[in-house]
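**Q** Coordinates in run30.csv, CSV, C-alpha atoms, are listed below.
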chain,number,residue,atom,x,y,z
A,26,MET,CA,-10.0,-14.8,-10.9
A,27,MET,CA,-6.2,-14.9,-11.1
A,28,ALA,CA,-4.6,-16.6,-14.1
A,29,PRO,CA,-2.9,-19.8,-12.9
A,30,SER,CA,0.4,-18.8,-14.5
A,31,ALA,CA,0.5,-15.6,-12.5
A,32,GLN,CA,-0.7,-17.3,-9.3
A,33,GLU,CA,2.4,-19.5,-9.4
A,34,LEU,CA,4.8,-16.5,-9.4
A,35,GLU,CA,7.0,-16.6,-6.3
A,36,GLY,CA,10.2,-14.7,-5.5
A,37,VAL,CA,11.8,-11.3,-5.2
A,38,LEU,CA,11.4,-8.7,-7.9
A,39,ILE,CA,13.5,-5.5,-8.0
A,40,VAL,CA,11.6,-2.5,-9.3
A,41,ASP,CA,13.1,0.8,-10.2
A,42,LYS,CA,10.4,3.0,-8.7
A,43,PRO,CA,9.5,6.2,-10.6
A,44,ARG,CA,9.2,9.6,-9.0
A,45,GLY,CA,5.8,10.9,-8.0
A,46,ILE,CA,4.0,7.7,-6.7
A,47,THR,CA,3.9,5.8,-3.4
A,48,SER,CA,5.4,2.4,-2.8
A,49,HIS,CA,1.8,1.2,-2.3
A,50,ASP,CA,0.9,2.5,-5.7
A,51,VAL,CA,3.7,0.3,-7.2
A,52,VAL,CA,2.2,-2.7,-5.5
A,53,ALA,CA,-1.3,-1.9,-6.7
A,54,ARG,CA,-0.2,-1.5,-10.3
A,55,LEU,CA,1.7,-4.8,-10.2
A,56,ARG,CA,-1.3,-6.6,-8.8
A,57,ARG,CA,-3.3,-5.3,-11.7
A,58,ALA,CA,-0.6,-6.1,-14.3
A,59,LEU,CA,0.1,-9.6,-13.0
A,60,GLY,CA,-3.4,-10.5,-12.0
A,61,MET,CA,-2.4,-11.6,-8.5
A,62,LYS,CA,-3.1,-10.3,-5.0
A,63,ARG,CA,-0.2,-11.7,-2.9
A,64,ILE,CA,2.3,-8.9,-3.5
A,65,GLY,CA,4.1,-6.8,-1.0
A,66,HIS,CA,7.2,-4.6,-0.7
A,67,ALA,CA,10.1,-4.6,1.7
A,68,GLY,CA,11.0,-0.9,2.5
A,69,THR,CA,8.9,2.2,1.7
A,70,LEU,CA,10.2,4.9,-0.6
A,71,ASP,CA,8.8,8.4,-0.4
A,72,PRO,CA,6.8,9.6,-3.5
A,73,MET,CA,9.6,11.9,-4.6
A,74,ALA,CA,12.2,9.1,-4.3
A,75,THR,CA,13.2,6.7,-7.1
A,76,GLY,CA,15.2,3.5,-7.3
A,77,VAL,CA,15.3,0.1,-5.6
A,78,LEU,CA,12.0,-1.1,-4.4
A,79,VAL,CA,12.1,-4.7,-3.3
A,80,ILE,CA,8.8,-6.4,-4.3
A,81,LEU,CA,7.8,-9.8,-2.9
A,82,LEU,CA,5.6,-12.1,-4.9
A,83,GLY,CA,3.6,-15.1,-3.6
A,84,LYS,CA,5.1,-16.9,-0.6
A,85,ALA,CA,8.1,-14.6,-0.8
A,86,THR,CA,6.0,-12.1,1.2
A,87,LYS,CA,6.9,-14.2,4.3
A,88,ALA,CA,10.5,-12.9,4.0
A,89,SER,CA,9.4,-9.3,4.2
A,90,GLN,CA,10.6,-8.8,7.8
A,91,TYR,CA,14.1,-9.9,7.0
A,92,LEU,CA,14.4,-8.0,3.8
A,93,MET,CA,13.1,-4.8,5.3
A,94,SER,CA,15.8,-5.0,8.0
A,95,ARG,CA,18.7,-4.7,5.6
A,96,ASP,CA,20.9,-1.6,5.3
A,97,LYS,CA,20.1,0.8,2.5
A,98,ALA,CA,22.2,2.9,0.1
A,99,TYR,CA,21.2,6.2,-1.6
A,100,GLU,CA,22.3,8.9,-3.9
A,101,GLY,CA,20.7,12.3,-3.3
A,102,THR,CA,20.8,16.0,-3.7
A,103,LEU,CA,20.0,18.6,-1.0
A,104,ARG,CA,19.4,22.3,-1.4
A,105,LEU,CA,20.9,24.7,1.2
A,106,GLY,CA,19.1,27.9,2.2
A,107,GLN,CA,15.6,26.6,2.2
A,108,VAL,CA,13.6,24.7,4.9
A,109,THR,CA,10.3,23.0,4.1
A,110,ASP,CA,7.6,21.5,6.3
A,111,SER,CA,8.2,18.0,4.8
A,112,GLN,CA,12.0,18.3,4.8
A,113,ASP,CA,11.9,17.6,1.0
A,114,ALA,CA,10.9,19.3,-2.3
A,115,ASP,CA,7.2,18.1,-2.0
A,116,GLY,CA,6.6,20.4,1.0
A,117,GLU,CA,5.9,24.1,1.6
A,118,ILE,CA,8.9,26.4,2.1
A,119,LEU,CA,9.0,27.6,5.7
A,120,ALA,CA,12.1,29.7,5.6
A,121,SER,CA,14.7,31.0,3.1
A,122,THR,CA,18.2,32.1,4.1
A,123,PRO,CA,21.1,33.2,1.9
A,124,VAL,CA,23.9,30.6,1.7
A,125,PRO,CA,27.1,32.2,2.9
A,126,LEU,CA,29.7,32.5,0.2
A,127,VAL,CA,32.3,31.2,2.6
A,128,LEU,CA,30.5,27.9,3.0
A,129,GLY,CA,32.4,25.5,0.8
A,130,ALA,CA,32.6,21.9,0.0
A,131,GLU,CA,35.2,21.2,2.7
A,132,GLU,CA,32.9,22.5,5.4
A,133,ILE,CA,29.9,20.6,4.1
A,134,ALA,CA,31.9,17.3,3.8
A,135,ALA,CA,33.2,17.7,7.3
A,136,ALA,CA,29.7,18.3,8.7
A,137,MET,CA,28.4,15.2,6.9
A,138,GLN,CA,31.2,13.1,8.4
A,139,LYS,CA,30.3,14.3,11.9
A,140,MET,CA,26.8,12.9,11.3
A,141,THR,CA,27.9,9.3,10.8
A,142,GLY,CA,27.8,6.5,13.4
A,143,ASP,CA,25.2,5.5,16.0
A,144,GLN,CA,22.6,8.1,16.7
A,145,TYR,CA,19.0,8.9,17.5
A,146,GLN,CA,16.8,10.5,14.8
A,147,THR,CA,13.3,12.0,15.3
A,148,PRO,CA,10.9,10.9,12.5
A,149,PRO,CA,9.5,13.8,10.5
A,150,MET,CA,5.8,14.8,10.8
A,151,PHE,CA,5.3,14.0,7.2
A,152,SER,CA,6.0,10.3,7.4
A,153,ALA,CA,4.0,7.0,7.5
A,154,LYS,CA,5.0,6.3,11.1
A,155,LYS,CA,1.9,5.9,13.2
A,156,ILE,CA,1.0,7.5,16.5
A,157,ASN,CA,-2.0,5.8,18.2
A,158,GLY,CA,-2.8,4.1,14.9
A,159,VAL,CA,-2.8,7.4,12.9
A,160,PRO,CA,-0.1,8.1,10.3
A,161,LEU,CA,1.9,11.2,11.1
A,162,TYR,CA,1.4,12.7,7.7
A,163,LYS,CA,-2.4,12.8,8.2
A,164,LEU,CA,-1.9,14.8,11.4
A,165,ALA,CA,0.7,17.0,9.6
A,166,ARG,CA,-1.8,17.8,6.8
A,167,LYS,CA,-4.2,19.1,9.5
A,168,GLY,CA,-1.5,21.4,10.8
A,169,GLN,CA,-1.0,19.3,13.9
A,170,GLU,CA,2.4,18.4,15.4
A,171,VAL,CA,2.8,15.8,18.0
A,172,GLU,CA,5.7,14.5,20.0
A,173,ARG,CA,7.7,11.8,18.3
A,174,GLU,CA,10.0,9.3,20.0
A,175,PRO,CA,13.5,9.4,18.5
A,176,ARG,CA,14.6,6.1,16.9
A,177,PHE,CA,18.0,4.5,17.0
A,178,ILE,CA,19.7,4.5,13.6
A,179,HIS,CA,23.2,4.0,12.2
A,180,VAL,CA,24.7,6.0,9.4
A,181,SER,CA,27.8,4.2,8.1
A,182,ARG,CA,28.5,6.8,5.3
A,183,PHE,CA,27.3,10.3,4.6
A,184,ALA,CA,29.7,11.8,2.0
A,185,LEU,CA,29.7,14.8,-0.3
A,186,VAL,CA,30.0,14.0,-4.1
A,187,ASP,CA,29.7,17.5,-5.5
A,188,TYR,CA,28.8,21.0,-4.4
A,189,ALA,CA,27.5,23.8,-6.7
A,190,SER,CA,25.9,26.3,-4.4
A,191,PRO,CA,23.2,26.0,-3.2
A,192,ASP,CA,22.9,22.3,-4.2
A,193,ALA,CA,25.0,19.4,-2.7
A,194,ARG,CA,25.1,15.9,-4.2
A,195,PHE,CA,25.8,13.1,-1.7
A,196,VAL,CA,25.8,9.4,-0.9
A,197,VAL,CA,24.4,7.7,2.2
A,198,GLU,CA,24.7,4.2,3.6
A,199,CYS,CA,22.4,3.7,6.6
A,200,SER,CA,20.4,1.3,8.7
A,201,LYS,CA,16.7,0.6,8.1
A,202,GLY,CA,14.3,3.3,9.3
A,203,THR,CA,16.7,6.2,8.5
A,204,TYR,CA,15.0,9.2,7.0
A,205,VAL,CA,17.5,10.7,4.5
A,206,ARG,CA,15.4,13.9,4.2
A,207,THR,CA,15.8,14.3,8.0
A,208,LEU,CA,19.6,13.9,7.5
A,209,ALA,CA,19.5,16.7,4.9
A,210,HIS,CA,17.3,18.9,7.2
A,211,ASP,CA,19.6,18.4,10.2
A,212,LEU,CA,22.7,19.0,8.1
A,213,GLY,CA,21.3,22.3,7.0
A,214,ARG,CA,20.5,23.3,10.5
A,215,ASN,CA,24.1,22.3,11.6
A,216,LEU,CA,25.6,24.4,8.8
A,217,GLY,CA,23.3,27.4,9.5
A,218,PRO,CA,21.2,28.2,6.4
A,219,GLY,CA,19.0,25.2,6.6
A,220,ALA,CA,18.4,22.6,3.8
A,221,HIS,CA,15.9,20.3,2.3
A,222,LEU,CA,16.1,17.2,0.0
A,223,ILE,CA,15.4,17.8,-3.7
A,224,ALA,CA,16.2,14.4,-5.1
A,225,LEU,CA,16.8,10.9,-3.8
A,226,ARG,CA,17.6,7.5,-5.4
A,227,ARG,CA,17.9,4.3,-3.5
A,228,THR,CA,20.8,2.3,-5.1
A,229,ALA,CA,20.7,-0.7,-2.9
A,230,SER,CA,18.6,-2.5,-0.2
A,231,GLY,CA,20.8,-5.2,1.4
A,232,GLU,CA,22.3,-7.3,-1.4
A,233,GLN,CA,19.7,-6.1,-3.9
A,234,THR,CA,21.0,-3.3,-6.2
A,235,ILE,CA,19.8,-1.0,-8.9
A,236,ALA,CA,21.6,-3.1,-11.4
A,237,GLN,CA,19.0,-5.8,-10.9
A,238,ALA,CA,16.1,-3.4,-11.2
A,239,ALA,CA,13.7,-2.8,-14.1
A,240,PRO,CA,11.5,0.3,-14.5
A,241,LEU,CA,7.9,-0.2,-13.3
A,242,GLU,CA,6.4,0.7,-16.7
A,243,GLU,CA,8.6,-1.9,-18.4
A,244,ILE,CA,7.6,-4.6,-16.0
A,245,GLU,CA,3.9,-3.8,-16.5
A,246,LYS,CA,4.4,-4.5,-20.2
A,247,MET,CA,6.1,-7.9,-19.6
A,248,GLY,CA,4.4,-11.2,-19.8
A,249,VAL,CA,4.3,-13.6,-16.9
A,250,ARG,CA,7.1,-15.6,-18.4
A,251,GLU,CA,9.4,-12.5,-18.6
A,252,VAL,CA,8.6,-11.5,-15.0
A,253,ARG,CA,9.4,-15.0,-13.8
A,254,GLN,CA,12.8,-14.8,-15.5
A,255,ARG,CA,13.6,-11.6,-13.5
A,256,LEU,CA,12.6,-13.1,-10.1
A,257,ILE,CA,15.3,-13.7,-7.5
A,258,PRO,CA,14.5,-17.0,-5.6
A,259,VAL,CA,13.8,-16.4,-1.9
A,260,TRP,CA,16.6,-18.8,-0.9
A,261,GLN,CA,19.0,-16.6,-2.8
A,262,ALA,CA,17.8,-13.3,-1.4
A,263,VAL,CA,17.5,-14.5,2.2
A,264,PRO,CA,20.0,-16.7,3.9
A,265,SER,CA,18.5,-19.9,5.2
A,266,HIS,CA,19.3,-19.0,8.9
A,267,ALA,CA,17.1,-15.9,8.5
A,268,LEU,CA,13.9,-17.8,7.6
As a first step, turn the structure in this file into structure tokens.
**A**
Amino acid sequence: MMAPSAQELEGVLIVDKPRGITSHDVVARLRRALGMKRIGHAGTLDPMATGVLVILLGKATKASQYLMSRDKAYEGTLRLGQVTDSQDADGEILASTPVPLVLGAEEIAAAMQKMTGDQYQTPPMFSAKKINGVPLYKLARKGQEVEREPRFIHVSRFALVDYASPDARFVVECSKGTYVRTLAHDLGRNLGPGAHLIALRRTASGEQTIAQAAPLEEIEKMGVREVRQRLIPVWQAVPSHAL
């Protein structure tokens, strides 16, 4: 039976997701820690990704559709010269190619700039997207590959921060549903030697930023009163016209 004090929690909680667990794992751990069932999230992060995970408590779960639709911002690092089956560091290496010495920061930055704007992106096989009710990653683990329909996305910014071969640090601002590891994979293909994502941190989801986030382990140790003090009211996170 849920404690009455926890049952009353309602609002938006910004969690700094740790690396190595799923977004669903975060929800499950918070359900245990807070003793309440009505908890959801607005926007999945891959296991290797960290940063802003928007958690919805109580009646705030009704706002999930709006909050999931917000644009996202990330900081990441990609490694040139290696292609993996998952397009990130959690996958198996499929190919290794020497990175040309002539490939410099200017060429990488220019290639990133060309990948901004409206476009269609094909979801990777290792993703939670479902085909006939089955998540793609389950098919991928069986060695199966199926045709995926490209989805419309918008990348408003894809910019190089630093390059120390073979690793390039970057920032991305994009619409919902954008796979940043696919951007990294496609950039590597466009440049020639291939690439995969080795680190990713979400810094913002809509108006909710990393500055508002608390680490998951820290939240798990908080009392209900402390958690309540961190909650963002739904009316503040979601404009009235969106409800």
**Q** Set the distance at 7 Å and use only C-alpha atoms: which residues neighbour Arg44 of chain A once local chain neighbours fewer than 4 positions away are removed? I'd like the list as a list in words.
**A**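 Residues near the query, excluding close chain neighbours: Pro72, Met73, Ala74 and Thr75 of chain A.
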**Q** Segment 132-137 of chain A: which residues within 10 Å, counting only C-alpha atoms, same-chain residues fewer than 2 positions away excluded, as an mmCIF file with C-alpha atoms, in the frame of the given file?
**A**
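Everything below was put into out_27.cif:
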data_model
loop_
_atom_site.group_PDB
_atom_site.id
_atom_site.type_symbol
_atom_site.label_atom_id
_atom_site.label_comp_id
_atom_site.auth_asym_id
_atom_site.auth_seq_id
_atom_site.Cartn_x
_atom_site.Cartn_y
_atom_site.Cartn_z
ATOM 1 C CA VAL A 127 32.300 31.200 2.600
ATOM 2 C CA LEU A 128 30.500 27.900 3.000
ATOM 3 C CA GLY A 129 32.400 25.500 0.800
ATOM 4 C CA ALA A 130 32.600 21.900 0.000
ATOM 5 C CA LYS A 139 30.300 14.300 11.900
ATOM 6 C CA MET A 140 26.800 12.900 11.300
ATOM 7 C CA THR A 141 27.900 9.300 10.800
ATOM 8 C CA ARG A 182 28.500 6.800 5.300
ATOM 9 C CA PHE A 183 27.300 10.300 4.600
ATOM 10 C CA ALA A 184 29.700 11.800 2.000
ATOM 11 C CA LEU A 185 29.700 14.800 -0.300
ATOM 12 C CA VAL A 186 30.000 14.000 -4.100
ATOM 13 C CA ASP A 187 29.700 17.500 -5.500
ATOM 14 C CA TYR A 188 28.800 21.000 -4.400
ATOM 15 C CA ALA A 193 25.000 19.400 -2.700
ATOM 16 C CA PHE A 195 25.800 13.100 -1.700
ATOM 17 C CA VAL A 197 24.400 7.700 2.200
ATOM 18 C CA LEU A 208 19.600 13.900 7.500
ATOM 19 C CA ALA A 209 19.500 16.700 4.900
ATOM 20 C CA ASP A 211 19.600 18.400 10.200
ATOM 21 C CA LEU A 212 22.700 19.000 8.100
ATOM 22 C CA GLY A 213 21.300 22.300 7.000
ATOM 23 C CA ASN A 215 24.100 22.300 11.600
ATOM 24 C CA LEU A 216 25.600 24.400 8.800
#
**Q** Would you kindly return, as a ChimeraX atom specification, each protein, DNA or RNA residue with an atom no farther than 9 Å from any atom of segment 54-67 of chain A, considering all atoms listed in the file and excluding same-chain residues fewer than 3 positions away?
**A** /A:26-28,31-32,34,48-51,78-86,88-94,230,241,244-249,252
**Q** Let me make sure I understand: among A:Pro218, A:Pro43, A:Arg176, A:Val37, which one has the smallest atom-to-atom distance to Glu242 of chain A if we use only C-alpha atoms?
**A**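 Among the listed residues, the smallest separation from Glu242 of chain A belongs to A:Pro43.
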**Q** Report the distance between atom CA of Ile235 of chain A and atom CA of Asp110 of chain A in Å, rounded to one decimal place.
**A**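 One can read the atom CA of Ile235 of chain A to atom CA of Asp110 of chain A distance as 29.8 Å.
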**Q** Find the residue from A:Pro149, A:Gly219, A:Gly45, A:Pro191 that sits nearest to Ser111 of chain A; use all atoms listed in the file when measuring.
**A**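 Among A:Pro149, A:Gly219, A:Gly45, A:Pro191, it is A:Pro149 that comes nearest to Ser111 of chain A.
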**Q** Between atom CA of Glu100 of chain A and atom CA of His210 of chain A, what is the spacing in Å?
**A**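 Pair atom CA of His210 of chain A / atom CA of Glu100 of chain A returns 15.8 Å.
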**Q** List as a PyMOL selection string: which residues have an atom within 9 Å of (17.9, 18.2, -1.6), counting only C-alpha atoms?
**A** chain A and resi 101-105+112-114+192-194+206+209-210+220-225
**Q** Restricting the output to C-alpha atoms, write the selected residues as a PDB file, in the coordinates of the input.
**A**
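What ended up in result.pdb:
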ATOM      1  CA  GLY A 101      20.700  12.300  -3.300  1.00  0.00           C
ATOM      2  CA  THR A 102      20.800  16.000  -3.700  1.00  0.00           C
ATOM      3  CA  LEU A 103      20.000  18.600  -1.000  1.00  0.00           C
ATOM      4  CA  ARG A 104      19.400  22.300  -1.400  1.00  0.00           C
ATOM      5  CA  LEU A 105      20.900  24.700   1.200  1.00  0.00           C
ATOM      6  CA  GLN A 112      12.000  18.300   4.800  1.00  0.00           C
ATOM      7  CA  ASP A 113      11.900  17.600   1.000  1.00  0.00           C
ATOM      8  CA  ALA A 114      10.900  19.300  -2.300  1.00  0.00           C
ATOM      9  CA  ASP A 192      22.900  22.300  -4.200  1.00  0.00           C
ATOM     10  CA  ALA A 193      25.000  19.400  -2.700  1.00  0.00           C
ATOM     11  CA  ARG A 194      25.100  15.900  -4.200  1.00  0.00           C
ATOM     12  CA  ARG A 206      15.400  13.900   4.200  1.00  0.00           C
ATOM     13  CA  ALA A 209      19.500  16.700   4.900  1.00  0.00           C
ATOM     14  CA  HIS A 210      17.300  18.900   7.200  1.00  0.00           C
ATOM     15  CA  ALA A 220      18.400  22.600   3.800  1.00  0.00           C
ATOM     16  CA  HIS A 221      15.900  20.300   2.300  1.00  0.00           C
ATOM     17  CA  LEU A 222      16.100  17.200   0.000  1.00  0.00           C
ATOM     18  CA  ILE A 223      15.400  17.800  -3.700  1.00  0.00           C
ATOM     19  CA  ALA A 224      16.200  14.400  -5.100  1.00  0.00           C
ATOM     20  CA  LEU A 225      16.800  10.900  -3.800  1.00  0.00           C
TER      21      LEU A 225
END
**Q** Measure the distance from atom CA of Val196 of chain A to atom CA of Tyr99 of chain A in Å and round it to one decimal.
**A**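 Interatomic distance, atom CA of Val196 of chain A to atom CA of Tyr99 of chain A: 5.6 Å.
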**Q** Leaving out Lys201 of chain A and any residue of its chain fewer than 5 positions from it, which residues lie within 7 Å of it when counting only C-alpha atoms, given as a ChimeraX atom specification?
**A** /A:94-97
**Q** So which one's closest to Thr203 of chain A, A:Ile178, A:Leu38, A:Ala189, A:Leu256? Using only C-alpha atoms, please.
**A**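 Smallest distance to Thr203 of chain A is found for A:Ile178.
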**Q** Could you tell me which of A:Glu174, A:Glu232, A:Asp115, A:Glu243 comes closest to Asp71 of chain A if we count only C-alpha atoms?
**A** A:Asp115
